[in-house]
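*Asks:* One file is attached below, query.txt, containing compact mmCIF, C-alpha atoms.
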# COMPACT_ATOMS: atom_id res chain seq x y z
CA MET A 21 7.41 27.66 -4.60
CA SER A 22 3.91 28.39 -5.94
CA SER A 23 1.51 25.54 -6.46
CA ASP A 24 1.46 24.09 -9.93
CA PRO A 25 -1.65 25.07 -11.92
CA MET A 26 -1.36 21.97 -14.09
CA THR A 27 -1.86 19.55 -11.25
CA PRO A 28 -5.06 19.49 -9.19
CA ALA A 29 -4.69 19.43 -5.43
CA GLU A 30 -6.94 16.37 -4.99
CA PRO A 31 -6.10 13.60 -4.37
CA ASN A 32 -2.41 14.28 -4.32
CA GLU A 33 -1.55 16.91 -1.77
CA PRO A 34 1.42 15.64 0.25
CA LEU A 35 0.56 13.69 3.36
CA ARG A 36 3.24 15.11 5.60
CA PRO A 37 1.84 15.83 9.06
CA ALA A 38 4.28 16.93 11.76
CA LEU A 39 5.71 14.03 13.68
CA SER A 40 4.47 13.53 17.20
CA ARG A 41 6.81 12.57 20.00
CA THR A 42 5.57 8.96 20.05
CA ALA A 43 6.03 8.64 16.28
CA ARG A 44 9.59 9.91 16.58
CA ARG A 45 10.23 7.51 19.43
CA ARG A 46 8.84 4.64 17.35
CA ASN A 47 11.04 5.56 14.37
CA GLN A 48 14.06 5.50 16.68
CA VAL A 49 13.14 2.10 18.03
CA ILE A 50 12.76 0.73 14.49
CA ALA A 51 16.12 2.22 13.46
CA VAL A 52 17.90 0.81 16.51
CA THR A 53 16.39 -2.64 15.95
CA ALA A 54 17.45 -2.63 12.30
CA LEU A 55 20.99 -1.51 13.13
CA VAL A 56 21.37 -4.13 15.87
CA ALA A 57 20.06 -6.79 13.47
CA VAL A 58 22.67 -5.80 10.87
CA TRP A 59 25.39 -5.82 13.52
CA VAL A 60 24.44 -9.31 14.74
CA LEU A 61 24.21 -10.59 11.14
CA LEU A 62 27.69 -9.19 10.46
CA TRP A 63 29.13 -11.11 13.38
CA GLY A 64 27.06 -14.12 12.43
CA THR A 65 26.33 -15.34 15.95
CA LEU A 66 23.59 -14.30 18.32
CA SER A 67 25.16 -13.58 21.68
CA TRP A 68 24.68 -11.03 24.44
CA ALA A 69 28.02 -9.44 23.67
CA ASN A 70 26.99 -8.89 20.06
CA ILE A 71 23.57 -7.48 21.00
CA ILE A 72 25.02 -5.06 23.56
CA GLY A 73 27.80 -4.05 21.18
CA GLY A 74 25.18 -3.48 18.48
CA LEU A 75 23.09 -1.32 20.82
CA VAL A 76 26.11 0.85 21.62
CA VAL A 77 27.02 1.23 17.94
CA ALA A 78 23.38 2.00 17.02
CA ALA A 79 23.09 4.63 19.77
CA VAL A 80 26.31 6.34 18.67
CA LEU A 81 25.29 6.23 14.99
CA LEU A 82 21.83 7.70 15.64
CA ALA A 83 23.31 10.41 17.86
CA VAL A 84 25.92 11.39 15.29
CA PHE A 85 23.81 10.95 12.13
CA PRO A 86 20.16 11.61 13.08
CA LEU A 87 17.66 10.19 10.59
CA PRO A 88 15.42 12.48 8.58
CA PRO A 89 11.83 12.35 9.85
CA VAL A 90 9.88 9.65 8.03
CA THR A 91 6.14 9.49 8.45
CA PHE A 92 5.17 5.90 8.85
CA ALA A 93 1.54 6.00 9.83
CA GLY A 94 0.57 2.47 8.97
CA ARG A 95 1.61 -0.89 10.21
CA ILE A 96 2.94 -4.00 8.55
CA HIS A 97 0.30 -6.36 7.19
CA PRO A 98 1.96 -9.78 6.82
CA LEU A 99 -0.22 -11.32 4.12
CA PRO A 100 -0.18 -8.37 1.66
CA MET A 101 3.55 -8.09 2.42
CA LEU A 102 4.04 -11.70 1.30
CA ARG A 103 1.91 -11.01 -1.78
CA PHE A 104 4.07 -7.99 -2.62
CA TRP A 105 7.30 -10.01 -2.36
CA LEU A 106 5.98 -12.93 -4.43
CA HIS A 107 4.71 -10.55 -7.10
CA PHE A 108 8.00 -8.66 -7.02
CA LEU A 109 10.06 -11.83 -7.46
CA ARG A 110 7.85 -12.93 -10.36
CA ASP A 111 8.16 -9.50 -12.00
CA LEU A 112 11.93 -9.65 -11.44
CA VAL A 113 12.30 -12.98 -13.25
CA VAL A 114 9.96 -11.99 -16.10
CA ALA A 115 11.58 -8.58 -16.60
CA SER A 116 15.11 -10.00 -16.49
CA ALA A 117 14.22 -12.59 -19.11
CA GLN A 118 12.60 -9.94 -21.31
CA VAL A 119 15.61 -7.63 -21.17
CA ALA A 120 17.96 -10.56 -21.82
CA TRP A 121 15.84 -11.54 -24.83
CA LEU A 122 15.91 -7.96 -26.15
CA ALA A 123 19.70 -7.99 -25.89
CA MET A 124 20.05 -11.25 -27.79
CA ARG A 125 17.69 -10.46 -30.69
CA VAL A 126 19.61 -9.90 -33.88
CA GLY A 127 19.00 -6.79 -35.95
CA HIS A 128 16.54 -5.17 -33.59
CA THR A 129 17.00 -1.85 -31.83
CA PRO A 130 14.78 -1.65 -28.74
CA GLN A 131 12.45 1.30 -28.40
CA SER A 132 11.72 2.92 -25.09
CA ALA A 133 9.56 5.60 -23.50
CA ILE A 134 9.73 8.10 -20.67
CA ILE A 135 6.54 7.89 -18.65
CA ALA A 136 5.14 10.05 -15.87
CA ALA A 137 3.30 8.11 -13.20
CA ARG A 138 1.51 10.12 -10.54
CA LEU A 139 1.26 8.15 -7.31
CA ARG A 140 -1.95 8.39 -5.32
CA VAL A 141 -0.32 8.34 -1.89
CA ASN A 142 2.21 11.15 -1.81
CA THR A 143 4.35 10.33 1.19
CA ASP A 144 8.12 10.24 1.13
CA LEU A 145 8.12 6.62 2.24
CA ASN A 146 5.72 5.46 -0.46
CA LEU A 147 7.51 7.46 -3.15
CA THR A 148 10.85 5.97 -2.08
CA LEU A 149 9.66 2.38 -1.83
CA THR A 150 7.84 2.47 -5.18
CA ALA A 151 10.82 4.07 -6.88
CA GLU A 152 13.17 1.57 -5.28
CA ALA A 153 11.09 -1.43 -6.35
CA LEU A 154 10.80 -0.04 -9.88
CA SER A 155 14.49 0.59 -10.31
CA LEU A 156 15.35 -2.88 -9.05
CA LEU A 157 13.32 -4.33 -11.92
CA PRO A 158 15.27 -4.41 -15.17
CA GLY A 159 13.32 -2.59 -17.85
CA SER A 160 12.26 0.37 -15.74
CA LEU A 161 14.51 3.15 -14.49
CA ILE A 162 13.70 6.17 -12.36
CA LEU A 163 14.92 9.37 -14.01
CA GLU A 164 13.30 11.92 -11.75
CA ALA A 165 11.01 12.02 -8.76
CA ASP A 166 8.88 15.09 -8.13
CA ARG A 167 8.25 15.18 -4.42
CA ARG A 168 5.74 18.04 -4.63
CA THR A 169 3.21 16.22 -6.78
CA GLY A 170 4.35 12.67 -6.00
CA THR A 171 5.20 11.92 -9.60
CA LEU A 172 7.79 9.44 -10.81
CA TYR A 173 9.35 9.84 -14.25
CA ILE A 174 10.27 6.41 -15.49
CA HIS A 175 12.31 5.31 -18.48
CA VAL A 176 10.82 2.06 -19.77
CA LEU A 177 12.63 -0.27 -22.13
CA GLY A 178 10.96 -2.30 -24.83
CA VAL A 179 7.82 -0.21 -25.26
CA THR A 180 6.56 0.16 -28.81
CA SER A 181 3.10 1.74 -28.66
CA ARG A 182 0.91 4.13 -26.66
CA ASP A 183 -1.16 1.16 -25.50
CA GLU A 184 1.87 -0.38 -23.86
CA VAL A 185 2.68 2.95 -22.23
CA GLU A 186 -0.75 3.02 -20.61
CA ARG A 187 -0.45 -0.61 -19.59
CA PHE A 188 2.88 0.11 -17.92
CA ARG A 189 1.45 3.12 -16.11
CA ARG A 190 -1.32 0.90 -14.74
CA GLY A 191 1.36 -1.59 -13.69
CA VAL A 192 3.15 1.11 -11.68
CA LEU A 193 -0.06 2.07 -9.90
CA GLU A 194 -0.79 -1.58 -9.12
CA LEU A 195 2.70 -1.89 -7.66
CA GLU A 196 2.00 1.17 -5.53
CA ALA A 197 -1.28 -0.37 -4.39
CA ARG A 198 0.52 -3.55 -3.33
CA ILE A 199 3.07 -1.55 -1.33
CA VAL A 200 0.41 0.54 0.39
CA GLU A 201 -1.59 -2.61 1.19
CA ALA A 202 1.52 -4.08 2.77
CA ILE A 203 2.55 -1.14 4.97
CA GLY A 204 -0.02 1.62 4.57
CA SER A 205 -2.34 3.27 7.07
CA PRO A 206 -6.14 3.06 6.69
CA GLU A 207 -6.18 6.62 5.34
CA GLU A 208 -3.68 5.71 2.61
CA LEU A 209 -5.58 2.53 1.77
CA ARG A 210 -8.73 4.60 1.34
CA ARG A 211 -6.98 6.79 -1.24
CA ILE A 212 -5.89 3.74 -3.17
CA ARG A 213 -9.35 2.20 -3.17
CA GLU A 214 -11.06 5.44 -4.20
CA ASN A 215 -8.79 5.84 -7.20
CA PRO A 216 -8.38 2.43 -8.84
CA ALA A 217 -5.50 2.06 -11.24
CA ASP A 218 -7.63 1.80 -14.38
CA ARG A 219 -9.12 5.29 -14.14
CA GLU A 220 -6.20 7.44 -13.14
CA GLY A 221 -5.57 10.99 -14.24
CA VAL A 222 -1.94 11.80 -14.96
CA PRO A 223 -0.39 15.07 -16.03
CA ALA A 224 -0.28 15.36 -19.79
CA MET B 30 30.64 -29.39 -9.61
CA THR B 31 33.84 -28.91 -11.61
CA ALA B 32 31.87 -28.77 -14.85
CA VAL B 33 29.61 -26.11 -13.34
CA ALA B 34 32.61 -24.10 -12.16
CA VAL B 35 34.19 -24.23 -15.63
CA THR B 36 30.92 -23.23 -17.33
CA VAL B 37 30.38 -20.32 -14.96
CA THR B 38 33.98 -19.19 -15.35
CA VAL B 39 33.71 -19.15 -19.13
CA LEU B 40 30.37 -17.32 -19.09
CA LEU B 41 31.61 -14.72 -16.62
CA ALA B 42 34.87 -14.25 -18.52
CA VAL B 43 33.02 -13.56 -21.77
CA ALA B 44 30.63 -11.22 -19.95
CA GLY B 45 33.57 -9.40 -18.37
CA GLY B 46 35.27 -9.06 -21.75
CA LEU B 47 32.16 -7.57 -23.35
CA THR B 48 31.71 -5.20 -20.40
CA LEU B 49 35.33 -4.11 -20.68
CA THR B 50 34.84 -3.19 -24.34
CA ARG B 51 32.04 -0.85 -23.19
CA VAL B 52 34.32 0.61 -20.52
CA ILE B 53 36.95 1.30 -23.17
CA ARG B 54 34.61 2.55 -25.90
CA GLY B 55 32.61 4.85 -23.65
CA PRO B 56 31.62 7.22 -25.21
CA SER B 57 30.65 9.23 -22.15
CA ILE B 58 31.97 8.93 -18.61
CA LEU B 59 28.53 7.79 -17.43
CA ASP B 60 28.61 4.86 -19.88
CA ARG B 61 31.91 3.88 -18.33
CA ALA B 62 30.50 4.22 -14.81
CA VAL B 63 27.55 1.97 -15.66
CA ALA B 64 29.82 -0.59 -17.33
CA THR B 65 32.14 -0.54 -14.31
CA ASP B 66 29.14 -1.27 -12.09
CA VAL B 67 28.33 -4.31 -14.22
CA LEU B 68 31.96 -5.38 -14.04
CA LEU B 69 31.74 -5.16 -10.27
CA ALA B 70 28.59 -7.31 -10.29
CA ILE B 71 30.44 -9.88 -12.42
CA ILE B 72 33.36 -9.85 -9.97
CA VAL B 73 30.95 -10.41 -7.07
CA ALA B 74 29.43 -13.34 -8.96
CA ALA B 75 32.90 -14.77 -9.60
CA ILE B 76 33.97 -14.51 -5.96
CA ALA B 77 30.70 -16.07 -4.77
CA THR B 78 31.07 -18.89 -7.28
CA GLU B 79 34.60 -19.54 -6.10
CA ALA B 80 33.37 -19.66 -2.50
CA ALA B 81 30.59 -22.06 -3.50
CA TYR B 82 32.94 -24.27 -5.50
CA SER B 83 35.62 -24.65 -2.85
CA ARG B 84 33.16 -24.50 0.09
CA ASP B 85 35.40 -21.87 1.59
CA ALA B 86 33.87 -18.78 3.17
CA THR B 87 37.09 -16.77 3.46
CA ALA B 88 36.12 -14.37 0.68
CA LEU B 89 32.60 -13.60 1.89
CA PRO B 90 33.54 -10.44 3.87
CA VAL B 91 34.91 -9.06 0.60
CA LEU B 92 31.40 -9.43 -0.83
CA VAL B 93 29.92 -7.48 2.10
CA VAL B 94 32.35 -4.63 1.52
CA LEU B 95 31.65 -4.63 -2.24
CA ALA B 96 27.90 -4.64 -1.62
CA VAL B 97 28.12 -1.65 0.74
CA LEU B 98 30.68 0.41 -1.16
CA GLY B 99 30.09 -0.73 -4.74
CA PHE B 100 27.66 2.05 -5.49
CA VAL B 101 29.96 4.83 -4.28
CA GLY B 102 31.92 4.79 -7.54
CA SER B 103 29.06 5.57 -9.89
CA VAL B 104 27.44 7.99 -7.45
CA SER B 105 30.60 10.07 -7.25
CA VAL B 106 31.03 9.93 -11.03
CA ALA B 107 27.43 11.11 -11.40
CA ARG B 108 28.07 13.96 -8.94
CA PHE B 109 31.20 14.92 -10.83
CA ALA B 110 29.40 14.84 -14.18
CA ALA B 111 26.63 17.00 -12.72
CA ARG B 112 29.08 19.49 -11.23
CA ARG B 113 30.65 20.00 -14.66
CA ASP B 114 27.60 21.92 -15.92
CA ASP B 115 25.88 22.98 -12.76
CA ASN B 116 23.57 25.57 -14.28
CA ALA B 117 21.89 23.11 -16.58
CA THR B 118 21.27 20.43 -13.96
CA SER B 119 19.83 22.76 -11.36
CA THR B 120 16.51 22.72 -13.22
CA THR B 121 16.23 18.95 -12.98
CA SER B 122 17.08 18.77 -9.31
CA ASP B 123 14.43 21.36 -8.53
CA GLY B 124 11.60 18.85 -8.34
CA SER B 125 12.98 17.02 -5.36
CA GLN B 126 13.80 20.02 -3.24
CA PRO B 127 11.62 20.35 -0.15
CA MET C 9 18.91 -39.51 -3.92
CA ASN C 10 19.97 -37.73 -0.78
CA LEU C 11 19.51 -34.13 0.19
CA ASP C 12 23.13 -33.13 -0.44
CA VAL C 13 22.88 -33.99 -4.12
CA VAL C 14 19.60 -32.09 -4.48
CA PHE C 15 21.13 -29.00 -2.85
CA ASP C 16 24.19 -29.20 -5.07
CA VAL C 17 22.12 -29.54 -8.23
CA VAL C 18 19.91 -26.57 -7.31
CA ALA C 19 23.00 -24.56 -6.37
CA SER C 20 24.58 -25.38 -9.74
CA ILE C 21 21.47 -24.28 -11.61
CA CYS C 22 21.38 -21.00 -9.67
CA LEU C 23 25.07 -20.30 -10.32
CA VAL C 24 24.83 -21.02 -14.05
CA ALA C 25 21.64 -18.96 -14.37
CA GLY C 26 23.32 -16.04 -12.61
CA ALA C 27 26.31 -16.29 -14.92
CA LEU C 28 24.01 -16.39 -17.96
CA LEU C 29 22.30 -13.20 -16.79
CA SER C 30 25.71 -11.55 -16.45
CA LEU C 31 26.55 -12.65 -19.98
CA ALA C 32 23.26 -11.25 -21.28
CA ALA C 33 24.09 -7.98 -19.53
CA GLY C 34 27.51 -7.90 -21.19
CA VAL C 35 25.94 -8.44 -24.61
CA ALA C 36 23.32 -5.80 -23.92
CA LEU C 37 25.95 -3.28 -22.81
CA VAL C 38 27.69 -3.64 -26.15
CA ARG C 39 24.58 -3.71 -28.32
CA PHE C 40 22.07 -1.28 -26.80
CA PRO C 41 21.90 2.11 -28.48
CA ASP C 42 22.14 4.67 -25.68
CA LEU C 43 23.07 5.17 -22.05
CA LEU C 44 19.60 4.75 -20.55
CA THR C 45 18.92 1.46 -22.31
CA ARG C 46 22.34 0.22 -21.22
CA MET C 47 21.45 1.04 -17.64
CA HIS C 48 18.50 -1.35 -17.90
CA ALA C 49 20.94 -4.05 -18.90
CA ALA C 50 23.12 -3.21 -15.91
CA ALA C 51 20.26 -3.79 -13.45
CA LYS C 52 20.04 -7.45 -14.41
CA PRO C 53 23.23 -9.01 -12.96
CA GLN C 54 23.06 -6.54 -10.08
CA VAL C 55 19.69 -7.78 -8.89
CA LEU C 56 18.41 -11.15 -10.11
CA GLY C 57 21.85 -12.45 -11.10
CA LEU C 58 23.30 -11.52 -7.73
CA LEU C 59 20.38 -13.07 -5.83
CA LEU C 60 20.71 -16.33 -7.80
CA VAL C 61 24.46 -16.52 -7.22
CA LEU C 62 23.99 -15.82 -3.50
CA VAL C 63 21.32 -18.52 -3.22
CA GLY C 64 23.62 -20.95 -5.02
CA CYS C 65 26.47 -20.02 -2.69
CA ALA C 66 24.27 -20.40 0.41
CA LEU C 67 23.09 -23.83 -0.73
CA ARG C 68 26.68 -24.98 -1.05
CA LEU C 69 28.06 -23.49 2.18
CA ARG C 70 25.07 -24.37 4.41
CA THR C 71 26.44 -22.92 7.66
CA GLY C 72 24.62 -20.31 9.74
CA VAL C 73 27.42 -17.74 9.86
CA ASP C 74 27.97 -17.79 6.10
CA ILE C 75 24.27 -17.59 5.31
CA THR C 76 23.81 -14.49 7.49
CA THR C 77 26.72 -12.88 5.65
CA LEU C 78 25.15 -13.72 2.30
CA VAL C 79 21.78 -12.32 3.45
CA LEU C 80 23.54 -9.07 4.34
CA VAL C 81 25.26 -8.95 0.95
CA GLY C 82 21.89 -9.34 -0.77
CA ALA C 83 20.17 -6.75 1.42
CA PHE C 84 22.92 -4.16 1.02
CA SER C 85 23.07 -4.60 -2.74
CA LEU C 86 19.31 -4.30 -3.13
CA ALA C 87 19.35 -1.15 -1.00
CA THR C 88 22.24 0.55 -2.78
CA ALA C 89 21.81 -0.36 -6.45
CA PRO C 90 18.76 1.91 -7.05
CA VAL C 91 20.60 4.88 -5.51
CA ALA C 92 23.41 4.60 -8.03
CA ALA C 93 20.98 3.97 -10.89
CA HIS C 94 18.89 7.01 -10.02
CA MET C 95 21.90 9.31 -9.64
CA VAL C 96 23.29 8.29 -13.01
CA GLY C 97 19.91 8.37 -14.76
CA ARG C 98 19.08 11.81 -13.45
CA VAL C 99 22.38 13.29 -14.59
CA ALA C 100 22.13 11.48 -17.91
CA TYR C 101 18.67 12.53 -19.00
CA PRO C 102 18.94 16.05 -20.34
CA HIS C 103 22.65 16.03 -21.16
CA GLU C 104 23.87 12.81 -22.63
CA ASP C 105 23.04 11.61 -26.10
CA ILE C 106 19.67 9.99 -25.63
CA ARG C 107 18.29 8.54 -28.83
CA THR C 108 15.05 10.52 -28.88
CA ASP C 109 14.09 8.90 -32.18
CA LEU C 110 13.71 5.63 -30.28
CA LEU C 111 11.40 7.11 -27.65
CA VAL C 112 7.69 6.40 -27.97
CA THR C 113 6.84 9.26 -25.63
CA ASP C 114 8.71 11.68 -23.39
CA GLU C 115 6.62 13.02 -20.54
CA LEU C 116 9.60 14.32 -18.58
CA ALA C 117 10.46 16.97 -21.17
CA ALA C 118 7.13 18.75 -20.57
CA HIS C 119 7.75 18.64 -16.82
CA LEU C 120 11.22 20.13 -17.15
CA ASP C 121 9.87 22.92 -19.38
CA ARG C 122 7.25 23.67 -16.75
CA VAL C 123 9.83 23.77 -13.95
CA ALA C 124 12.09 26.05 -15.99
CA ASP C 125 9.08 28.27 -16.73
CA GLU C 126 8.12 28.60 -13.08
CA ARG C 127 11.69 29.36 -12.20
CA GLU C 128 11.79 32.16 -14.74
CA HIS C 129 8.59 33.70 -13.39
CA SER C 130 9.63 33.56 -9.77
CA ALA C 131 13.23 34.63 -10.34
CA PRO C 132 12.85 38.45 -10.14
CA ALA C 133 10.84 38.31 -6.90
Kindly return the structure encoded in the file as structure tokens.
*Replies:*
Amino acid sequence: MSSDPMTPAEPNEPLRPALSRTARRRNQVIAVTALVAVWVLLWGTLSWANIIGGLVVAAVLLAVFPLPPVTFAGRIHPLPMLRFWLHFLRDLVVASAQVAWLAMRVGHTPQSAIIAARLRVNTDLNLTLTAEALSLLPGSLILEADRRTGTLYIHVLGVTSRDEVERFRRGVLELEARIVEAIGSPEELRRIRENPADREGVPA
Amino acid sequence: MTAVAVTVTVLLAVAGGLTLTRVIRGPSILDRAVATDVLLAIIVAAIATEAAYSRDATALPVLVVLAVLGFVGSVSVARFAARRDDNATSTTSDGSQP
Amino acid sequence: MNLDVVFDVVASICLVAGALLSLAAGVALVRFPDLLTRMHAAAKPQVLGLLLVLVGCALRLRTGVDITTLVLVGAFSLATAPVAAHMVGRVAYPHEDIRTDLLVTDELAAHLDRVADEREHSAPA
């Protein structure tokens, strides 16, 4: 596939370096830990039998269904992570109330818009997490994700003017910034800081 | 707690009825899939409310199964709807190919 | 006022609020004009409504085993709901009857044209 002339290479070329052996090992450890945690939660009690059983199940699962390589260069920052969750919960309540209000209003047909939002950090993980957070919020819905340019195409409910479209696009980029601050690497953080949400070029 | 249970039951019953009208009216199969998803969410809420009301956790594993498998229905409907006119959808799926 | 009563009251509020969100979703499903707007309505009981009901349930049951189960239910639902929504939305966009007269802007159409264009150019090679 040839590169798209409409989209400049900077600052959005995909960050997809080949995975080193240690990175792969670390991904496996994270996957095993998560699977064992789910297994123990399913049984409901923390015992050696459950942990060992979970390890066996996790090992078999990872051997039979290997995970796709995910580049996770950063590390978890607890405080920004907390900020992201609090902000997300607030957005969730506000958006749910707004959509409920739109549904109850008599004699009003809601308008909507389809918006392209170009993310600044084009990694699979960031694209996935941002898209996931957006589609969990009522009022925004992911229609298409372009992995090449790191662009999300979002259907937004209850938008009536171009101003609101721009405001929503800024909101998406702020959400991305919160996610990158929570789990991003220094390199990804630098990209976010160099391109603040209020002066962002997006494909026309 | 009984008053709460009755209120929730009435609310969920009305919600389920409205959702069912969308399942019946359609018009497209995707509308029905989305409405069925909502119906499933209402059923989950009803089971959880019953568990909370009677303080009886017997039904909770049902919720786990619904949470894991609930999305399979609409995903397979979406696949089926896409398969129906494969040529047209191949342009949209292009963007996410590696 | 002891702790049990407080828990029960909070649980009741959560359960009723969750049920109200489900009702709002039902109303929205009937009233909204096209598939994509209805999908927004569907996200509401699946996410916030479900979380509220689970919190209410956890506050009533109050035992470790049940709470871990409820945490799993919440985590699985939050992980799977966007998958279904994205699959349906992506199939829906170019094919189903989307009320384009109600769209303020459509930036995906230009993208799809561009992709189709590129495809045409690279096809003979």
*Asks:* Name the residues in contact with A:Asp183 at a cut-off of 12 Å, using all atoms listed in the file, excluding same-chain residues fewer than 4 positions from it; report them as a PDB file with C-alpha atoms, keeping the file's coordinate frame.
*Replies:*
ATOM      1  CA  ALA A 133       9.560   5.600 -23.500  1.00  0.00           C
ATOM      2  CA  VAL A 179       7.820  -0.210 -25.260  1.00  0.00           C
ATOM      3  CA  ARG A 187      -0.450  -0.610 -19.590  1.00  0.00           C
ATOM      4  CA  PHE A 188       2.880   0.110 -17.920  1.00  0.00           C
ATOM      5  CA  ARG A 189       1.450   3.120 -16.110  1.00  0.00           C
ATOM      6  CA  ARG A 190      -1.320   0.900 -14.740  1.00  0.00           C
TER       7      ARG A 190
ATOM      8  CA  VAL C 112       7.690   6.400 -27.970  1.00  0.00           C
ATOM      9  CA  THR C 113       6.840   9.260 -25.630  1.00  0.00           C
TER      10      THR C 113
END
*Asks:* Quick one: residues within 10 Å of B:Gly55, only C-alpha atoms counted, chain neighbours fewer than 6 positions away excluded, as a list in words?
*Replies:* Leu49, Arg61, Ala62, Val63 and Ala64 of chain B; Leu43 of chain C
*Asks:* Using all atoms listed in the file, can you tell me which of B:Ser57, B:Ser105, B:Thr87, B:Thr78 comes closest to B:Thr31?
*Replies:*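 Closest to B:Thr31, using all atoms listed in the file: B:Thr78.
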*Asks:* What is the distance, in Å and to one decimal place, between atom CA of A:Gly170 and atom CA of A:Arg198?
*Replies:*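 According to the coordinates, atom CA of A:Gly170 and atom CA of A:Arg198 are separated by 16.9 Å.
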*Asks:* One decimal, in Å: what's the spacing between atom CA of C:Ala92 and atom CA of A:Gln48?
*Replies:* 26.4 Å
*Asks:* Find the distance between atom CA of A:His175 and atom CA of C:Asp125 and write it in Å to one decimal.
*Replies:* 23.3 Å
